[in-house]
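Q: Have a look at this one.
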Amino acid sequence: MNGNDLIEKQKAREDIVAEIHSKFPDVKWPKPILEPIFYGRLDKTPITGRKLMLDKNTNNQFDIVSDQYELIYHEEVLFNLLNAIPEEFGDPTITAKMFKYGARAHFTALFPELNKFEIKGSETNVEYRLKNSYDRSTYLNYSAGAKELVCSNGLRVFKEKEKSGAKHIGRTISSFNLESRLRNSLEDISEAHKLWLQWAEMKLKAVDVISVVENLPYSEKEQETLLALPIINHGNATLKDMKDEATLWSVMSAGTQMVHEIKSEERRFDIEEKLPKIIGNAAVKLAA
C-alpha cells in the first residue's frame, strides 16, 4: 500500500468517525493516537518496536503497544455493526457506552421486532453486543444472546460459538463478517432457548439453591440480598420463599435481576456474561 492509498484509507476512516459522531452526539468519544516512546533524561533515546496510545483530547494514556498493533476506532466498530444489521431484523435500539475515560467501549443492539422467546411468562428479545478497547483489556469482541424484558432484567445466555474475538494484530474487524454472524446466531439462540425451558422445569432443593447461588459472581453480602430479592417475573416471590419449589430458571432470574442492583455499569456487563455459563455448569452437575 503506497502513500496515496494510506491517505485515502485514513480519510475513509475519518469520514466514518464523523458520521458516527453525528449519529451519537451525546457520547464522549476519545481520540486515540499512537506516539513514539523515549527514555533518558538528557539524550532521549527512542524505544523501538513500541508506541504509546493516548487520547489526543485529554492526554489520558491508554496503553503501550507494539508496532504491529492496528488501531481500530470505537466508531469503526459501531459503524460496522450498524451496516451489518439485516433489514428483516427491524429497527434496533442501539446503545453506546464508554468506560475508563473512553479506553473501553460497549455497544449493544436490541431488536424489539425480532423473534421473541418466552420462558414461564418471561419474554425476551435478541440482543447483540460488541466490545472494543484501547487499553487491551479486551479484544474486539462479539457476542449474541437474549435480554429479558421484565423490568429491564438482563438475561444473557450465549452459545460458545456465538462469542468471538479478534486481536488488534492480524485478524481485525474486516474478518468478522458481522451480517452472517447476526443471521446464524438466531439458530443458536433458539437452541439456547430449549435449555432455558429445561431449566424452568428443573426443581431444586433449598440446599441446592444455596449451592448454586454461592457460585454466582456476587459477594457474600450480595448473595444474601439475592436470596431475599422479590423476583419480578415470579410473582415477586423470593428464592427463600420458594424453598423446594424453586427451579434453576428461578435462580437464573434472580441472578440476572440482581445485576441491576450493582452500581458499576461495567461490572454489570461482566456479570451478565458470566451468569449463563455458571448456571449451565450447575445444570450439568444437578442432572448427573
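In the C-alpha cells, the first chain shown is A, the next is B, and so on; residue numbers restart at 1 for each chain, and ligands run from 1 in the order shown.
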Would you mind listing what lies within 9 Å of region 10-24 of chain A as a VMD selection string, with only C-alpha atoms counted and same-chain residues fewer than 6 positions away left out?

A: chain A and resid 73 to 76 78 to 79 96

Q: Can you write just those residues out, N, CA and C atoms, as a CSV table (one decimal), in the first residue's frame?

A:
chain,number,residue,atom,x,y,z
A,73,TYR,N,-10.7,2.1,15.7
A,73,TYR,CA,-11.5,3.1,16.4
A,73,TYR,C,-12.8,2.5,16.9
A,74,HIS,N,-13.3,3.0,18.0
A,74,HIS,CA,-14.6,2.6,18.6
A,74,HIS,C,-15.7,2.8,17.5
A,75,GLU,N,-15.5,4.0,16.9
A,75,GLU,CA,-16.5,4.4,15.9
A,75,GLU,C,-16.6,3.4,14.7
A,76,GLU,N,-15.5,2.8,14.3
A,76,GLU,CA,-15.5,1.8,13.2
A,76,GLU,C,-16.2,0.6,13.6
A,78,LEU,N,-18.8,0.4,15.8
A,78,LEU,CA,-20.2,0.7,15.8
A,78,LEU,C,-20.7,0.9,14.4
A,79,PHE,N,-19.9,1.5,13.5
A,79,PHE,CA,-20.3,1.6,12.1
A,79,PHE,C,-20.5,0.3,11.4
A,96,ALA,N,-24.6,3.0,23.1
A,96,ALA,CA,-23.1,3.1,23.1
A,96,ALA,C,-22.7,3.6,24.5

Q: Looking only at the backbone, which of the residues in region 18-265 of chain A does DSSP tag as strand (DSSP E or B), as a PyMOL selection string?

A: chain A and resi 32-39+45-55+61-66+93-99+104-110+116-119+122-133+140-148+163-166+203+247

Q: Set out as a Markdown table a contact list for region 87-110 of chain A and region 254-268 of chain A with a cut-off of 10 Å, giving each residue of region 87-110 of chain A that qualifies its closest atom pair and distance in Å to one decimal, counting only C-alpha atoms, ordered by chain and rising residue number.

A:
| residue | atom | partner | partner_atom | distance |
| --- | --- | --- | --- | --- |
| A:Lys97 | CA | A:Glu266 | CA | 9.2 |
| A:Met98 | CA | A:Glu266 | CA | 9.2 |
| A:Phe99 | CA | A:Glu266 | CA | 7.1 |
| A:Lys100 | CA | A:Glu266 | CA | 9.3 |
| A:Arg104 | CA | A:Glu266 | CA | 9.4 |
| A:Ala105 | CA | A:Glu266 | CA | 9.9 |
| A:His106 | CA | A:Glu266 | CA | 8.9 |

Q: Kindly save the residues from that selection, with N, CA, C and O atoms included, as a compact mmCIF listing (two decimals), in the first residue's frame.

A:
# COMPACT_ATOMS: atom_id res chain seq x y z
N LYS A 97 -21.78 2.83 25.08
CA LYS A 97 -21.28 3.16 26.41
C LYS A 97 -19.76 3.20 26.40
O LYS A 97 -19.11 2.36 25.78
N MET A 98 -19.20 4.19 27.09
CA MET A 98 -17.75 4.31 27.26
C MET A 98 -17.38 4.09 28.72
O MET A 98 -18.09 4.56 29.62
N PHE A 99 -16.27 3.38 28.94
CA PHE A 99 -15.77 3.14 30.28
C PHE A 99 -14.28 3.50 30.34
O PHE A 99 -13.60 3.53 29.32
N LYS A 100 -13.81 3.75 31.56
CA LYS A 100 -12.39 4.06 31.77
C LYS A 100 -11.94 5.22 30.87
O LYS A 100 -10.92 5.14 30.18
N ARG A 104 -12.48 1.84 26.98
CA ARG A 104 -13.28 0.66 26.68
C ARG A 104 -14.66 1.09 26.19
O ARG A 104 -15.27 1.99 26.75
N ALA A 105 -15.12 0.43 25.13
CA ALA A 105 -16.42 0.75 24.55
C ALA A 105 -17.28 -0.50 24.48
O ALA A 105 -16.79 -1.57 24.11
N HIS A 106 -18.55 -0.36 24.86
CA HIS A 106 -19.53 -1.44 24.75
C HIS A 106 -20.68 -0.94 23.89
O HIS A 106 -21.26 0.12 24.16

Q: Using only C-alpha atoms, pick whichever of A:Ile72, A:Thr95, A:Ala288, A:Leu6 has the shortest atom-to-atom distance to Asn141 (chain A).

A: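 Selected residue with least distance to Asn141 (chain A): A:Ile72.
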
Q: Using only C-alpha atoms, determine which residues lie at most 12 Å from region 212-215 of chain A, disregarding the query and same-chain residues fewer than 4 positions distant; provide the list as a PyMOL selection string.

A: chain A and resi 204-208+219-228+239-240+246-256+258+274-286

Q: Determine the nearest neighbour of Ala192 (chain A) from the options A:Gly145, A:Gly49, A:Gly102, A:Pro32, counting only C-alpha atoms.

A: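 The shortest atom-to-atom distance to Ala192 (chain A) comes from A:Gly145.
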
Q: Nearest residue to Glu272 (chain A) out of A:Asn236, A:Ser143, A:Asn184, A:Ser211, using only C-alpha atoms?

A: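 Looking at the shortest contact to Glu272 (chain A), the residue is A:Ser143.
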
Q: Show which residues sit within 12 Å of Arg136 (chain A), as a JSON list (two decimals) with N, CA, C and O atoms, in the first residue's frame. Count only C-alpha atoms, and ignore same-chain residues fewer than 4 positions away.

A:
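Everything below was put into out_8.json:
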[["chain", "number", "residue", "atom", "x", "y", "z"],
["A", 53, "MET", "N", -0.19, 4.70, 23.24],
["A", 53, "MET", "CA", -1.51, 5.09, 22.75],
["A", 53, "MET", "C", -2.16, 5.97, 23.81],
["A", 53, "MET", "O", -2.25, 5.60, 24.97],
["A", 62, "PHE", "N", -3.62, 5.38, 27.41],
["A", 62, "PHE", "CA", -4.36, 4.13, 27.38],
["A", 62, "PHE", "C", -3.45, 2.91, 27.60],
["A", 62, "PHE", "O", -3.69, 2.10, 28.47],
["A", 63, "ASP", "N", -2.39, 2.80, 26.79],
["A", 63, "ASP", "CA", -1.55, 1.61, 26.88],
["A", 63, "ASP", "C", -0.31, 1.78, 26.03],
["A", 63, "ASP", "O", -0.23, 2.68, 25.19],
["A", 64, "ILE", "N", 0.67, 0.89, 26.24],
["A", 64, "ILE", "CA", 1.84, 0.81, 25.38],
["A", 64, "ILE", "C", 1.66, -0.43, 24.50],
["A", 64, "ILE", "O", 1.39, -1.52, 25.00],
["A", 65, "VAL", "N", 1.79, -0.24, 23.19],
["A", 65, "VAL", "CA", 1.51, -1.32, 22.25],
["A", 65, "VAL", "C", 2.69, -1.52, 21.30],
["A", 65, "VAL", "O", 3.59, -0.67, 21.22],
["A", 66, "SER", "N", 2.67, -2.63, 20.58],
["A", 66, "SER", "CA", 3.75, -2.92, 19.64],
["A", 66, "SER", "C", 3.52, -2.20, 18.32],
["A", 66, "SER", "O", 2.43, -1.70, 18.04],
["A", 69, "TYR", "N", 0.56, -3.35, 16.24],
["A", 69, "TYR", "CA", -0.80, -3.09, 16.73],
["A", 69, "TYR", "C", -1.58, -2.28, 15.70],
["A", 69, "TYR", "O", -1.09, -1.26, 15.19],
["A", 70, "GLU", "N", -2.79, -2.73, 15.39],
["A", 70, "GLU", "CA", -3.65, -1.99, 14.48],
["A", 70, "GLU", "C", -4.74, -1.29, 15.27],
["A", 70, "GLU", "O", -5.55, -1.94, 15.94],
["A", 71, "LEU", "N", -4.74, 0.01, 15.23],
["A", 71, "LEU", "CA", -5.72, 0.79, 15.97],
["A", 71, "LEU", "C", -7.08, 0.70, 15.28],
["A", 71, "LEU", "O", -7.23, 1.07, 14.12],
["A", 72, "ILE", "N", -8.05, 0.16, 15.99],
["A", 72, "ILE", "CA", -9.42, 0.08, 15.49],
["A", 72, "ILE", "C", -10.26, 1.05, 16.30],
["A", 72, "ILE", "O", -10.45, 0.88, 17.50],
["A", 103, "ALA", "N", -11.39, 4.34, 27.24],
["A", 103, "ALA", "CA", -10.48, 3.24, 26.89],
["A", 103, "ALA", "C", -11.26, 2.00, 26.46],
["A", 103, "ALA", "O", -10.77, 1.20, 25.66],
["A", 104, "ARG", "N", -12.48, 1.84, 26.98],
["A", 104, "ARG", "CA", -13.28, 0.66, 26.68],
["A", 104, "ARG", "C", -14.66, 1.09, 26.19],
["A", 104, "ARG", "O", -15.27, 1.99, 26.75],
["A", 105, "ALA", "N", -15.12, 0.43, 25.13],
["A", 105, "ALA", "CA", -16.42, 0.75, 24.55],
["A", 105, "ALA", "C", -17.28, -0.50, 24.48],
["A", 105, "ALA", "O", -16.79, -1.57, 24.11],
["A", 131, "LYS", "N", -17.65, -5.25, 21.75],
["A", 131, "LYS", "CA", -16.74, -4.55, 22.66],
["A", 131, "LYS", "C", -15.46, -4.21, 21.91],
["A", 131, "LYS", "O", -15.03, -4.95, 21.03],
["A", 132, "ASN", "N", -14.86, -3.12, 22.30],
["A", 132, "ASN", "CA", -13.55, -2.75, 21.77],
["A", 132, "ASN", "C", -12.80, -2.03, 22.88],
["A", 132, "ASN", "O", -13.42, -1.46, 23.79],
["A", 140, "LEU", "N", -11.28, -6.98, 20.26],
["A", 140, "LEU", "CA", -12.51, -6.68, 19.54],
["A", 140, "LEU", "C", -13.40, -7.91, 19.71],
["A", 140, "LEU", "O", -13.02, -9.01, 19.32],
["A", 141, "ASN", "N", -14.56, -7.76, 20.34],
["A", 141, "ASN", "CA", -15.31, -8.90, 20.83],
["A", 141, "ASN", "C", -16.78, -8.81, 20.45],
["A", 141, "ASN", "O", -17.40, -7.76, 20.59],
["A", 166, "ALA", "N", -11.20, -10.80, 18.22],
["A", 166, "ALA", "CA", -10.07, -10.63, 17.32],
["A", 166, "ALA", "C", -9.08, -9.68, 17.96],
["A", 166, "ALA", "O", -9.45, -8.62, 18.45],
["A", 167, "LYS", "N", -7.81, -10.07, 17.97],
["A", 167, "LYS", "CA", -6.78, -9.18, 18.46],
["A", 167, "LYS", "C", -6.62, -8.01, 17.50],
["A", 167, "LYS", "O", -7.04, -8.07, 16.35],
["A", 168, "HIS", "N", -5.97, -6.96, 17.98],
["A", 168, "HIS", "CA", -5.72, -5.81, 17.12],
["A", 168, "HIS", "C", -4.45, -5.99, 16.31],
["A", 168, "HIS", "O", -3.88, -5.04, 15.81],
["A", 169, "ILE", "N", -4.03, -7.24, 16.21],
["A", 169, "ILE", "CA", -2.87, -7.57, 15.37],
["A", 169, "ILE", "C", -3.29, -8.68, 14.43],
["A", 169, "ILE", "O", -3.74, -9.74, 14.87]]

Q: Can you work out the spacing between CA of Gly40 (chain A) and CA of Asp67 (chain A) in Å, to one decimal?

A: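 Computing the Euclidean distance for CA of Gly40 (chain A) and CA of Asp67 (chain A) yields 20.8 Å.
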